[in-house]
Structure formats: C-alpha cells, structure tokens
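Below: the structure, in structure tokens.
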Amino acid sequence: MNAPHVVVIGGGLSGLMAAHRLRAIGVGVTLLEASGRPGGQMRTRQQGEWTIEAGGAAMPAATGVVDDLLRLAGLEDSRRIPLSDARRRRFLVHDGRPVAVPTTTSEMVASPLLSIPGRLRLLKEPFVARGEPDPEESVLSFATRRFGAEMAARFIDPVVSAVSGGDPATLLASQALPHLVALERRAGSILKGRMRAARRARQEGRRSDPQPPWSCAGGMEEVPRALAEMLGASMRLEEPVTSLRRTSSGWSVESATGRRFEGDGVLLALPAIALRSLELPGEGGDALHALSAMPHASVATVSLGFHRDQVAHPLDGHGVLTSMADRSPLRSVVFASSLLPDRAPSGHVLLTATVGGVHHPDLVTRGDADLIALVTELLAGLLDISGSPVLSAVDRWPEALPQAVAGHGAAIGQVAAFEGTMPSVSCCGAWRDGLTFADAMRGGVAAAERLAERLGAWHAPAAEAS
C-alpha cells in the first residue's frame with residue numbers, strides 16, 4: 001500500500017512544522033505558500049550591522065517532538081544563541097514610568113506596583129474558592145476573581161494585551177490563559193498548583209530553571225528558512241490556493257497560478273482571514289468561512305536604534321509592557337540589544353516597540369514617518385531618550401492577531417465538527433492554537449498527527465489517544 005500524500009496549505013511556522021511532522025511519520029507532503037517567503041510573521045531585517053526582528057525576538061526552549069523536528073531541520077544547539085540573563089527582568093508601566101516586576105519577597109514589599117491591600121489580596125488567592133467552569137469568562141473577570149483587581153489590572157492585563165493586542169475585558173480566559181484556568185480546575189488555586197508543580201519537579205529531579213529562549217545568528221527568520229530548505233521541492237512558494245475540491249481519490253487543490261495539486265488529505269495551516277476567499281466544500285466550508293469574520297487586532301512594530309548615550313534608562317531587562325487599561329497606543333517595547341548584544345553595532349542600542357491593538361486599529365495605516373515620530377516621542381518620555389534615532393524600521397501586521405472573544409469556543413467546535421465529517425482534513429492556526437511561536441509549533445504538530453491517524457498512517461500512543 002502506498003503511503004498517503006497530504007497537501008499542506010500555508011507556509012507559516014505551523015504549516016512548516018506540520019509538513020515536517022507528516023514527513024517524519026512517513027506521509028508524503030506538498031506545502032503551498034501564497035507569498036514569496038516562508039515563515040509568516042517570523043521575519044528578520046538585516047540593515048548593515050543591525051539585526052531587526054519584525055515579528056518576535058526569540059524562540060522558546062522546545063522539548064519532545066517539536067525539538068526533534070527543529071534538529072532534523074539542522075537547527076542544532078550550535079546554531080541557537082541563548083538570550084542573555086537580561087531576559088529575566090521585565091518592566092511594567094506604572095504612573096508613566098517603567099517599574100521592574102518584583103521577583104523576590106523583598107522586591108514585592110518595596111514595589112509600587114501593588115498597594116498593601118493589593119498584596120494582601122494576592123496572598124488570599126489559595127483560599128479563594130474554585131469557580132464554576134465558564135468557557136465564556138473573560139481574562140479580566142478570571143484574574144480579578146483569583147488575584148484581585150489590582151493584580152489583574154497591573155500584571156495580568158499588560159501580559160495578555162501585549163501578546164494579543166486585545167482587551168482583557170473581552171478576551172476569553174480559557175483561550176488567553178489556558179494554563180492558569182487548568183491550574184484552577186486541577187488544584188483549586190493558581191499558587192497552590194504552581195507550588196505543587198515545583199515540588200514534583202524537585203522530587204523527579206527535573207530542572208526548575210528551564211532552558212532559555214533562543215535565536216539564531218542571522219535572526220529568527222533562520223528557523224523557517226531551515227525548515228523550508230529541508231522540504232526542498234516539496235515546498236512551493238507563490239502558490240496562492242483558491243479552491244479545494246473533493247475527488248474520487250481524495251482532494252484537488254487549485255492555485256491562482258492555474259496549477260492543481262492532488263492529495264489524499266489536506267491540512268489547512270492558514271490565518272482565519274485567509275479563509276475569506278478560499279472556496280471550500282459543503283457545510284464545513286461555511287464553518288471555516290465564518291472564522292474569517294472573527295475580530296482581529298492590527299499592530300505595527302517600530303524598531304529604533306540609538307547611540308547608547310542617548311538613552312538614560314539602563315535597559316537592564318527584556319523590555320516594558322503597558323496595560324490596555326491605560327489606552328496607550330504602545331503595547332510593548334523589547335530591549336533587543338540587551339537580549340542579544342550583536343543585534344546592534346557597538347556603542348548603540350536597539351529597541352523594538354509594538355503599537356496598535358483593538359483600541360487603536362488605525363495606527364497600522366499611518367505612514368512610516370508618522371509611526372516613527374509617534375514611537376520616538378513615546379519612548380523618549382518612558383526611557384529618557386534624547387535626540388532622534390540613528391536607525392528606524394517599520395513593519396505592519398494588519399489583522400494579524402485573532403481575538404478569542406465570546407462565541408469563540410462555539411466557532412472552534414464547528415470546525416472540529418467539520419473535521420469529523422471530513423476526516424481527511426485537518427486545521428491549525430493562531431485562531432485555534434494560540435498566538436505565540438510555541439503555540440504555532442505545537443498546533444502544527446498536533447494537526448499533522450490528527451490527520452496522519454485519520455489517514456491510517458500513524459497511531460497516537462495510548463497515553464495520548466484520549
């Protein structure tokens with residue numbers, strides 16, 4: 001019996017990982033990407049001695065199948081550059097200034113981020129009753145219920161809004177904070193659950209300090225390039241797919257170039273908005289088309305380089321996060337040259353700011369000069385910067401961040417039902433799996449395994465089959 005063949009549609013990180021997982025299982029693959037480059041939002045700019053990350057500064061430490069696939073693609077430890085220890089220190093904006101997130105009890109006592117009542121409320125978290133399961137509960141409601149209003153507004157809000165560009169008052173906790181929601185379900189308390197996990201790790205001799213995130217000498221875009229190169233002729237760039245049709249033997253996938261690609265199965269690794277113009281079969285196609293109407297946040301990244309003596313702040317950390325409640329257009333700032341000093345020439349610093357989000361949707365349409373002026377002004381006040389940047393670069397991500405708000409679970413359920421009626425189709429993407437690089441990698445692998453099992457090419461281990 002011949003091995004099945006799958007057409008993977010979408011050459012972002014999730015699609016690349018899905019294709020590699022299918023090949024490792026023994027399934028033939030053709031990967032189609034609409035643009036002229038692989039990697040989706042993983043994009044690196046090289047401008048002279050500056051290395052600018054337009055879509056993310058680093059890759060989280062990977063384990064298991066994900067790490068195995070990265071190594072098969074040639075991304076061995078020798079090609080991975082760990083982030084500096086500065087990554088451990090983060091800042092939150094409080095009263096217009098960056099304040100370090102406390103990491104010890106003494107720092108917490110001295111920190112202005114929480115008042116004394118706020119600290120006392122946080123300490124009560126282990127004694128707060130477990131809530132009833134509510135898949136529609138918002139991030140803000142969940143965090144306030146567990147930790148109190150101050151902790152929710154000053155800690156949880158900035159982290160969630162920086163990643164999603166969304167409003168914690170409308171984003172679903174089950175989607176944006178799945179690990180914390182699961183801890184409450186298992187342990188009844190977030191703090192209790194984390195203490196138990198740390199205790200188990202010590203008892204089992206596992207590392208309590210995980211491996212640091214990493215990048216590559218040429219930037220994050222080396223990752224999708226390496227994955228694409230290993231696929232060779234199996235990956236086809238500039239092949240925007242227009243329709244999927246059932247055939248007597250499987251699927252026919254048609255590209256805008258006029259070419260057709262045949263497969264026993266199809267794996268859709270596409271952003272929700274890319275489903276708008278894709279012709280899909282049957283009622284399941286309606287479910288996927290409905291996803292394209294889900295709300296999205298648009299953001300822009302503005303990277304600015306300065307002489308070191310122009311910036312008074314020590315930049316001794318990962319970066320700064322702002323609260324959505326502040327209504328600032330600034331979502332986050334990454335101290336890129338503090339994490340990896342070779343990202344900027346000697347005597348210079350590189351800062352990458354993300355602006356926009358659901359409350360500032362029009363920012364992404366502004367011209368480069370306007371965005372550079374806006375961010376320069378915002379950072380000057382925040383980090384005590386004088387003068388103009390010596391380098392600038394702007395990247396726009398319109399409708400890049402799907403917003404998991406009320407009704408999202410039902411929409412995902414309809415997609416799962418579609419996969420049930422079309423077992424030779426599997427779907428993944430940020431709209432389903434999450435917004436981080438880690439989510440994309442795990443989502444791509446999981447989608448590949450689901451499809452391979454349905455095609456009879458692979459069986460999940462018993463421990464995973466449930």
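By convention here, the chains of the structure tokens are called A, B, ... in the order presented, each chain's residues are numbered starting at 1, and ligands are numbered starting at 1 in the order presented.
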### DSSP strand (DSSP E) selection over range 31-163 of chain A, as a list in words
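Checking each residue of range 31-163 of chain A, the strand (DSSP E) ones are Leu31, Leu32, Thr44, Arg45, Gln46, Gln47, Trp50, Thr51, Ile52, Glu53, Ile81, Pro82, Arg90, Phe91, Leu92, Val93, His94, Arg97, Pro98, Val99 and Ala100 of chain A.
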### Task
Enumerate, as a VMD selection string, the complete set of residues in range 17-257 of chain A that a backbone-based DSSP assignment places in helix (DSSP H, G or I).
chain A and resid 17 to 25 64 to 72 77 to 79 85 to 88 105 to 110 116 to 123 125 to 127 139 to 147 149 to 164 173 to 176 178 to 187 190 to 203 222 to 234
Could you turn the residues from that selection into a file that holds C-alpha atoms, as a compact mmCIF listing (two decimals), in the first residue's frame?
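The file below, selection12.txt, is the result:
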# COMPACT_ATOMS: atom_id res chain seq x y z
CA MET A 17 6.08 22.14 11.42
CA ALA A 18 3.03 20.19 10.23
CA ALA A 19 4.78 19.29 6.98
CA HIS A 20 7.89 18.09 8.80
CA ARG A 21 5.85 16.03 11.26
CA LEU A 22 3.96 14.37 8.42
CA ARG A 23 7.20 13.53 6.64
CA ALA A 24 8.69 12.12 9.84
CA ILE A 25 5.62 9.86 10.19
CA GLY A 64 9.86 16.45 22.63
CA VAL A 65 8.68 16.17 19.05
CA VAL A 66 8.98 19.90 18.37
CA ASP A 67 12.67 19.94 19.34
CA ASP A 68 13.31 16.75 17.36
CA LEU A 69 11.87 18.35 14.22
CA LEU A 70 13.93 21.52 14.65
CA ARG A 71 17.08 19.43 14.99
CA LEU A 72 16.19 17.38 11.90
CA ASP A 77 22.41 23.75 19.60
CA SER A 78 25.38 25.20 17.73
CA ARG A 79 23.01 27.37 15.66
CA ASP A 85 20.19 36.90 31.57
CA ALA A 86 18.56 40.29 31.00
CA ARG A 87 15.52 38.31 29.83
CA ARG A 88 14.69 37.52 33.46
CA THR A 105 9.59 38.92 48.56
CA SER A 106 11.69 41.97 49.43
CA GLU A 107 11.17 43.43 45.97
CA MET A 108 7.44 42.84 46.23
CA VAL A 109 7.31 44.67 49.57
CA ALA A 110 9.10 47.68 48.10
CA ILE A 116 -0.62 46.84 50.69
CA PRO A 117 -4.30 45.84 50.23
CA GLY A 118 -3.39 44.54 46.77
CA ARG A 119 -0.59 42.39 48.18
CA LEU A 120 -2.82 41.05 50.93
CA ARG A 121 -5.49 40.18 48.36
CA LEU A 122 -2.92 38.31 46.28
CA LEU A 123 -1.88 36.28 49.33
CA GLU A 125 -5.58 33.50 46.36
CA PRO A 126 -5.02 29.96 47.74
CA PHE A 127 -8.12 30.42 49.90
CA VAL A 139 -9.46 37.34 31.29
CA LEU A 140 -10.24 40.37 33.45
CA SER A 141 -13.03 38.57 35.30
CA PHE A 142 -10.93 35.44 35.88
CA ALA A 143 -7.85 37.36 37.04
CA THR A 144 -9.88 39.64 39.32
CA ARG A 145 -11.69 36.68 40.84
CA ARG A 146 -8.47 34.81 41.53
CA PHE A 147 -5.98 37.59 42.34
CA ALA A 149 -8.49 43.89 40.87
CA GLU A 150 -5.01 45.41 41.30
CA MET A 151 -3.14 42.28 40.25
CA ALA A 152 -5.50 41.80 37.32
CA ALA A 153 -5.04 45.38 36.07
CA ARG A 154 -1.34 45.84 36.74
CA PHE A 155 0.12 42.40 35.97
CA ILE A 156 -2.25 40.18 34.00
CA ASP A 157 -3.64 42.90 31.70
CA PRO A 158 -0.21 44.03 30.35
CA VAL A 159 0.97 40.49 29.64
CA VAL A 160 -2.22 39.44 27.85
CA SER A 161 -2.66 42.66 25.88
CA ALA A 162 0.99 42.66 24.77
CA VAL A 163 0.69 39.18 23.28
CA SER A 164 -2.80 39.55 21.81
CA ALA A 173 -9.56 33.35 29.85
CA SER A 174 -9.95 29.80 28.51
CA GLN A 175 -8.12 30.87 25.34
CA ALA A 176 -5.69 33.55 26.57
CA PRO A 178 -5.41 28.19 29.36
CA HIS A 179 -2.65 27.07 31.74
CA LEU A 180 -3.94 29.21 34.62
CA VAL A 181 -7.52 28.09 34.01
CA ALA A 182 -6.33 24.46 34.03
CA LEU A 183 -4.41 25.02 37.29
CA GLU A 184 -7.57 26.32 38.95
CA ARG A 185 -9.50 23.28 37.76
CA ARG A 186 -6.83 20.82 38.97
CA ALA A 187 -5.59 22.42 42.18
CA ILE A 190 -3.08 29.03 40.88
CA LEU A 191 -0.47 29.49 43.61
CA LYS A 192 -1.12 26.04 45.09
CA GLY A 193 -0.89 24.46 41.64
CA ARG A 194 2.44 26.12 40.89
CA MET A 195 3.91 25.16 44.24
CA ARG A 196 2.84 21.54 43.71
CA ALA A 197 4.35 21.52 40.21
CA ALA A 198 7.64 22.93 41.53
CA ARG A 199 7.69 20.32 44.31
CA ARG A 200 7.08 17.48 41.82
CA ALA A 201 9.87 18.80 39.59
CA ARG A 202 12.30 18.74 42.54
CA GLN A 203 11.22 15.25 43.55
CA GLU A 222 16.69 31.38 10.01
CA VAL A 223 14.16 28.98 11.59
CA PRO A 224 11.55 28.95 8.79
CA ARG A 225 14.30 29.13 6.17
CA ALA A 226 15.93 25.99 7.57
CA LEU A 227 12.57 24.20 7.74
CA ALA A 228 11.77 25.23 4.15
CA GLU A 229 15.17 24.19 2.82
CA MET A 230 14.76 20.70 4.28
CA LEU A 231 11.46 20.34 2.43
CA GLY A 232 13.20 21.15 -0.85
CA ALA A 233 10.96 20.83 -3.91
CA SER A 234 8.07 19.73 -1.67
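We find CA of Gln310 in chain A and CA of Gly387 in chain A to be spaced 6.8 Å apart.
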### Gap from CA of Cys427 in chain A to CA of Ala54 in chain A - Å, one decimal
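These atoms are spaced 26.0 Å apart.
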### Query
Using only C-alpha atoms, which residues sit within 12 Å of His360 in chain A once same-chain residues fewer than 2 positions away are excluded, as a PyMOL selection string?
chain A and resi 165-167+296-300+324+327-331+354-358+362-366+398
With N, CA, C and O atoms kept, could you save the residues just selected as a short mmCIF file (atom, residue, chain, number, x, y, z; two decimals), in the first residue's frame?
data_model
loop_
_atom_site.label_atom_id
_atom_site.label_comp_id
_atom_site.auth_asym_id
_atom_site.auth_seq_id
_atom_site.Cartn_x
_atom_site.Cartn_y
_atom_site.Cartn_z
N GLY A 165 -2.75 41.99 21.63
CA GLY A 165 -3.27 43.26 21.13
C GLY A 165 -4.72 43.48 21.50
O GLY A 165 -5.37 44.39 20.98
N GLY A 166 -5.24 42.64 22.40
CA GLY A 166 -6.67 42.67 22.71
C GLY A 166 -6.97 43.23 24.08
O GLY A 166 -6.07 43.57 24.86
N ASP A 167 -8.24 43.29 24.39
CA ASP A 167 -8.72 43.85 25.63
C ASP A 167 -9.06 42.72 26.60
O ASP A 167 -9.94 41.90 26.31
N HIS A 296 -10.19 40.75 14.76
CA HIS A 296 -8.74 40.69 14.74
C HIS A 296 -8.16 42.03 15.20
O HIS A 296 -8.78 43.07 14.99
N ALA A 297 -6.99 41.98 15.79
CA ALA A 297 -6.25 43.20 16.14
C ALA A 297 -5.13 43.41 15.13
O ALA A 297 -4.50 42.45 14.66
N SER A 298 -4.90 44.66 14.79
CA SER A 298 -3.81 45.04 13.89
C SER A 298 -2.73 45.75 14.70
O SER A 298 -3.05 46.59 15.56
N VAL A 299 -1.48 45.42 14.43
CA VAL A 299 -0.37 46.07 15.13
C VAL A 299 0.73 46.41 14.13
O VAL A 299 0.76 45.89 13.01
N ALA A 300 1.61 47.31 14.56
CA ALA A 300 2.82 47.62 13.80
C ALA A 300 4.00 47.53 14.75
O ALA A 300 3.88 47.84 15.95
N MET A 324 -3.57 47.63 28.75
CA MET A 324 -4.61 48.07 27.84
C MET A 324 -5.50 49.11 28.51
O MET A 324 -6.04 50.00 27.86
N ARG A 327 -5.00 52.79 27.81
CA ARG A 327 -5.40 53.29 26.49
C ARG A 327 -4.23 53.89 25.71
O ARG A 327 -4.41 54.70 24.81
N SER A 328 -3.02 53.53 26.06
CA SER A 328 -1.86 53.99 25.30
C SER A 328 -1.78 53.20 24.00
O SER A 328 -2.11 52.02 23.96
N PRO A 329 -1.31 53.83 22.91
CA PRO A 329 -1.10 53.06 21.67
C PRO A 329 0.07 52.10 21.76
O PRO A 329 0.21 51.22 20.93
N LEU A 330 0.91 52.28 22.78
CA LEU A 330 2.09 51.44 22.95
C LEU A 330 1.71 50.16 23.69
O LEU A 330 1.18 50.20 24.80
N ARG A 331 1.98 49.02 23.08
CA ARG A 331 1.68 47.74 23.72
C ARG A 331 2.91 47.19 24.46
O ARG A 331 2.80 46.63 25.54
N THR A 354 5.94 47.72 19.83
CA THR A 354 4.71 47.29 19.17
C THR A 354 3.61 48.27 19.54
O THR A 354 3.40 48.56 20.73
N VAL A 355 2.93 48.80 18.53
CA VAL A 355 1.85 49.75 18.76
C VAL A 355 0.59 49.27 18.05
O VAL A 355 0.65 48.51 17.09
N GLY A 356 -0.55 49.74 18.54
CA GLY A 356 -1.82 49.40 17.92
C GLY A 356 -2.69 48.59 18.86
O GLY A 356 -2.76 48.88 20.05
N GLY A 357 -3.35 47.59 18.33
CA GLY A 357 -4.28 46.79 19.12
C GLY A 357 -5.71 47.20 18.88
O GLY A 357 -6.00 48.09 18.07
N VAL A 358 -6.62 46.57 19.59
CA VAL A 358 -8.04 46.74 19.30
C VAL A 358 -8.53 48.17 19.55
O VAL A 358 -9.51 48.60 18.94
N ASP A 362 -6.42 52.06 13.70
CA ASP A 362 -6.00 52.84 12.54
C ASP A 362 -4.50 53.12 12.51
O ASP A 362 -3.99 53.61 11.50
N LEU A 363 -3.80 52.80 13.60
CA LEU A 363 -2.36 53.10 13.63
C LEU A 363 -1.61 52.39 12.52
O LEU A 363 -0.66 52.92 11.95
N VAL A 364 -2.03 51.17 12.22
CA VAL A 364 -1.31 50.38 11.23
C VAL A 364 -1.37 51.00 9.84
O VAL A 364 -0.55 50.68 8.97
N THR A 365 -2.33 51.90 9.61
CA THR A 365 -2.46 52.53 8.29
C THR A 365 -1.65 53.83 8.18
O THR A 365 -1.57 54.41 7.11
N ARG A 366 -1.08 54.29 9.27
CA ARG A 366 -0.29 55.52 9.23
C ARG A 366 1.01 55.31 8.44
O ARG A 366 1.55 54.20 8.37
N PRO A 398 -1.44 43.92 9.64
CA PRO A 398 -2.89 44.15 9.67
C PRO A 398 -3.67 42.86 9.92
O PRO A 398 -3.35 41.81 9.34
#
### Task
Give me the residues within 12 Å of Met235 in chain A as a ChimeraX atom specification, counting only C-alpha atoms and dropping any in the same chain fewer than 4 places off.
/A:7-12,15-16,19-20,28-38,224-225,227-231,239,261
Output C-alpha atoms for every residue in that selection, as a PDB file, in the first residue's frame.
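again.pdb, written as the output of this step:
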ATOM      1  CA  VAL A   7      -1.279  18.955   0.638  1.00  0.00           C
ATOM      2  CA  VAL A   8      -0.398  21.443   3.378  1.00  0.00           C
ATOM      3  CA  ILE A   9      -1.743  24.941   2.689  1.00  0.00           C
ATOM      4  CA  GLY A  10       0.130  27.728   4.440  1.00  0.00           C
ATOM      5  CA  GLY A  11       3.893  28.099   4.893  1.00  0.00           C
ATOM      6  CA  GLY A  12       3.967  29.885   8.228  1.00  0.00           C
ATOM      7  CA  GLY A  15       2.397  24.766   8.351  1.00  0.00           C
ATOM      8  CA  LEU A  16       6.148  24.134   8.204  1.00  0.00           C
ATOM      9  CA  ALA A  19       4.784  19.291   6.978  1.00  0.00           C
ATOM     10  CA  HIS A  20       7.890  18.087   8.804  1.00  0.00           C
ATOM     11  CA  GLY A  28       4.210  12.429   1.516  1.00  0.00           C
ATOM     12  CA  VAL A  29       3.851  16.212   1.552  1.00  0.00           C
ATOM     13  CA  THR A  30       3.391  19.161  -0.783  1.00  0.00           C
ATOM     14  CA  LEU A  31       3.394  22.533   1.004  1.00  0.00           C
ATOM     15  CA  LEU A  32       1.857  25.547  -0.759  1.00  0.00           C
ATOM     16  CA  GLU A  33       2.598  29.114   0.379  1.00  0.00           C
ATOM     17  CA  ALA A  34       0.945  32.157  -1.177  1.00  0.00           C
ATOM     18  CA  SER A  35       3.824  34.586  -0.604  1.00  0.00           C
ATOM     19  CA  GLY A  36       7.396  34.509  -1.824  1.00  0.00           C
ATOM     20  CA  ARG A  37       8.899  33.585   1.552  1.00  0.00           C
ATOM     21  CA  PRO A  38       8.240  31.037   4.301  1.00  0.00           C
ATOM     22  CA  PRO A 224      11.555  28.955   8.788  1.00  0.00           C
ATOM     23  CA  ARG A 225      14.303  29.131   6.165  1.00  0.00           C
ATOM     24  CA  LEU A 227      12.575  24.200   7.742  1.00  0.00           C
ATOM     25  CA  ALA A 228      11.770  25.230   4.154  1.00  0.00           C
ATOM     26  CA  GLU A 229      15.174  24.195   2.824  1.00  0.00           C
ATOM     27  CA  MET A 230      14.762  20.704   4.281  1.00  0.00           C
ATOM     28  CA  LEU A 231      11.461  20.342   2.429  1.00  0.00           C
ATOM     29  CA  GLU A 239       1.129  29.386  -4.931  1.00  0.00           C
ATOM     30  CA  PHE A 261      -2.142  19.575  -6.628  1.00  0.00           C
TER      31      PHE A 261
END
### Task
Find the residues around range 274-286 of chain A up to 7 Å (only C-alpha atoms counted), leave out those fewer than 2 positions away in its own chain, and share them as a list in words.
Thr242, Ser243, Leu244, Arg245, Leu270, Pro271, Ala272, Leu288, His289, Ala290, Ser292 and Phe418 of chain A
File of the preceding selection, N, CA and C atoms, as a PDB file, in the first residue's frame:
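Wrote it out as again_2.pdb, contents follow:
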ATOM      1  N   THR A 242      -6.796  28.827  -4.231  1.00  0.00           N
ATOM      2  CA  THR A 242      -8.115  29.445  -4.423  1.00  0.00           C
ATOM      3  C   THR A 242      -9.262  28.511  -4.100  1.00  0.00           C
ATOM      4  N   SER A 243      -9.064  27.188  -4.264  1.00  0.00           N
ATOM      5  CA  SER A 243     -10.188  26.279  -4.011  1.00  0.00           C
ATOM      6  C   SER A 243      -9.706  24.880  -3.653  1.00  0.00           C
ATOM      7  N   LEU A 244     -10.575  24.183  -2.907  1.00  0.00           N
ATOM      8  CA  LEU A 244     -10.381  22.773  -2.579  1.00  0.00           C
ATOM      9  C   LEU A 244     -11.602  22.016  -3.085  1.00  0.00           C
ATOM     10  N   ARG A 245     -11.359  20.903  -3.771  1.00  0.00           N
ATOM     11  CA  ARG A 245     -12.471  20.106  -4.287  1.00  0.00           C
ATOM     12  C   ARG A 245     -12.243  18.637  -3.973  1.00  0.00           C
ATOM     13  N   LEU A 270      -3.724  28.036   7.917  1.00  0.00           N
ATOM     14  CA  LEU A 270      -3.957  29.387   7.412  1.00  0.00           C
ATOM     15  C   LEU A 270      -4.491  30.306   8.497  1.00  0.00           C
ATOM     16  N   PRO A 271      -4.166  31.607   8.399  1.00  0.00           N
ATOM     17  CA  PRO A 271      -4.847  32.573   9.260  1.00  0.00           C
ATOM     18  C   PRO A 271      -6.339  32.593   8.939  1.00  0.00           C
ATOM     19  N   ALA A 272      -7.140  32.982   9.918  1.00  0.00           N
ATOM     20  CA  ALA A 272      -8.586  32.999   9.713  1.00  0.00           C
ATOM     21  C   ALA A 272      -8.966  33.901   8.548  1.00  0.00           C
ATOM     22  N   LEU A 288     -15.697  27.202   8.294  1.00  0.00           N
ATOM     23  CA  LEU A 288     -14.383  27.818   8.151  1.00  0.00           C
ATOM     24  C   LEU A 288     -14.492  29.250   7.664  1.00  0.00           C
ATOM     25  N   HIS A 289     -15.416  29.499   6.737  1.00  0.00           N
ATOM     26  CA  HIS A 289     -15.605  30.871   6.277  1.00  0.00           C
ATOM     27  C   HIS A 289     -16.047  31.772   7.427  1.00  0.00           C
ATOM     28  N   ALA A 290     -16.863  31.236   8.334  1.00  0.00           N
ATOM     29  CA  ALA A 290     -17.342  32.038   9.460  1.00  0.00           C
ATOM     30  C   ALA A 290     -16.184  32.502  10.343  1.00  0.00           C
ATOM     31  N   SER A 292     -13.413  33.643   9.409  1.00  0.00           N
ATOM     32  CA  SER A 292     -12.782  34.841   8.855  1.00  0.00           C
ATOM     33  C   SER A 292     -13.448  36.113   9.337  1.00  0.00           C
ATOM     34  N   PHE A 418     -16.628  19.898  11.460  1.00  0.00           N
ATOM     35  CA  PHE A 418     -16.282  19.786  10.044  1.00  0.00           C
ATOM     36  C   PHE A 418     -15.203  18.731   9.837  1.00  0.00           C
TER      37      PHE A 418
END
### Spatial neighbours of Leu315 in chain A, max dist 9 Å, only C-alpha atoms, sep filter under 6 positions, as number ranges by chain
A: 86, 335, 337-338, 349, 383
### Message
Need the shell around Glu419 in chain A: protein/DNA/RNA residues with any atom at most 10 Å away, counting only C-alpha atoms. Skip same-chain ones fewer than 6 positions apart. Format as a ChimeraX atom specification?
### Response
/A:284,413,425-427,450-451
Selected residues written out, N, CA, C and O atoms, as a short mmCIF file (atom, residue, chain, number, x, y, z; two decimals), in the first residue's frame:
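The new file again27.cif reads:
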data_model
loop_
_atom_site.label_atom_id
_atom_site.label_comp_id
_atom_site.auth_asym_id
_atom_site.auth_seq_id
_atom_site.Cartn_x
_atom_site.Cartn_y
_atom_site.Cartn_z
N GLY A 284 -19.14 22.36 6.00
CA GLY A 284 -17.89 22.61 6.72
C GLY A 284 -17.20 23.84 6.20
O GLY A 284 -16.58 24.59 6.95
N GLY A 413 -15.70 24.72 17.82
CA GLY A 413 -16.46 23.47 17.84
C GLY A 413 -17.01 23.12 16.47
O GLY A 413 -17.05 21.95 16.07
N VAL A 425 -9.30 16.03 6.39
CA VAL A 425 -8.95 17.44 6.53
C VAL A 425 -8.57 17.72 7.97
O VAL A 425 -9.22 17.24 8.90
N SER A 426 -7.51 18.50 8.16
CA SER A 426 -7.11 18.93 9.49
C SER A 426 -6.75 20.41 9.42
O SER A 426 -6.25 20.89 8.40
N CYS A 427 -7.02 21.14 10.50
CA CYS A 427 -6.83 22.59 10.50
C CYS A 427 -6.00 23.02 11.70
O CYS A 427 -6.11 22.45 12.79
N ARG A 450 -3.13 14.38 13.98
CA ARG A 450 -4.56 14.05 13.82
C ARG A 450 -4.84 13.54 12.41
O ARG A 450 -5.54 12.54 12.22
N LEU A 451 -4.31 14.23 11.43
CA LEU A 451 -4.58 13.86 10.04
C LEU A 451 -3.92 12.53 9.69
O LEU A 451 -4.53 11.67 9.03
#
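Compared by their closest atoms to Ser115 in chain A, and using only C-alpha atoms, the residues A:Gly148, A:Pro361, A:Gly381, A:Pro133 rank with A:Gly148 nearest.
The gap separating CA of Val99 in chain A from CA of Pro112 in chain A is 8.0 Å, in Å to one decimal.
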#### Entry: Option closest in space to Val101 in chain A, from A:Ile273, A:Val320, A:Arg308, A:Gly74 [counting only C-alpha atoms]
A:Val320
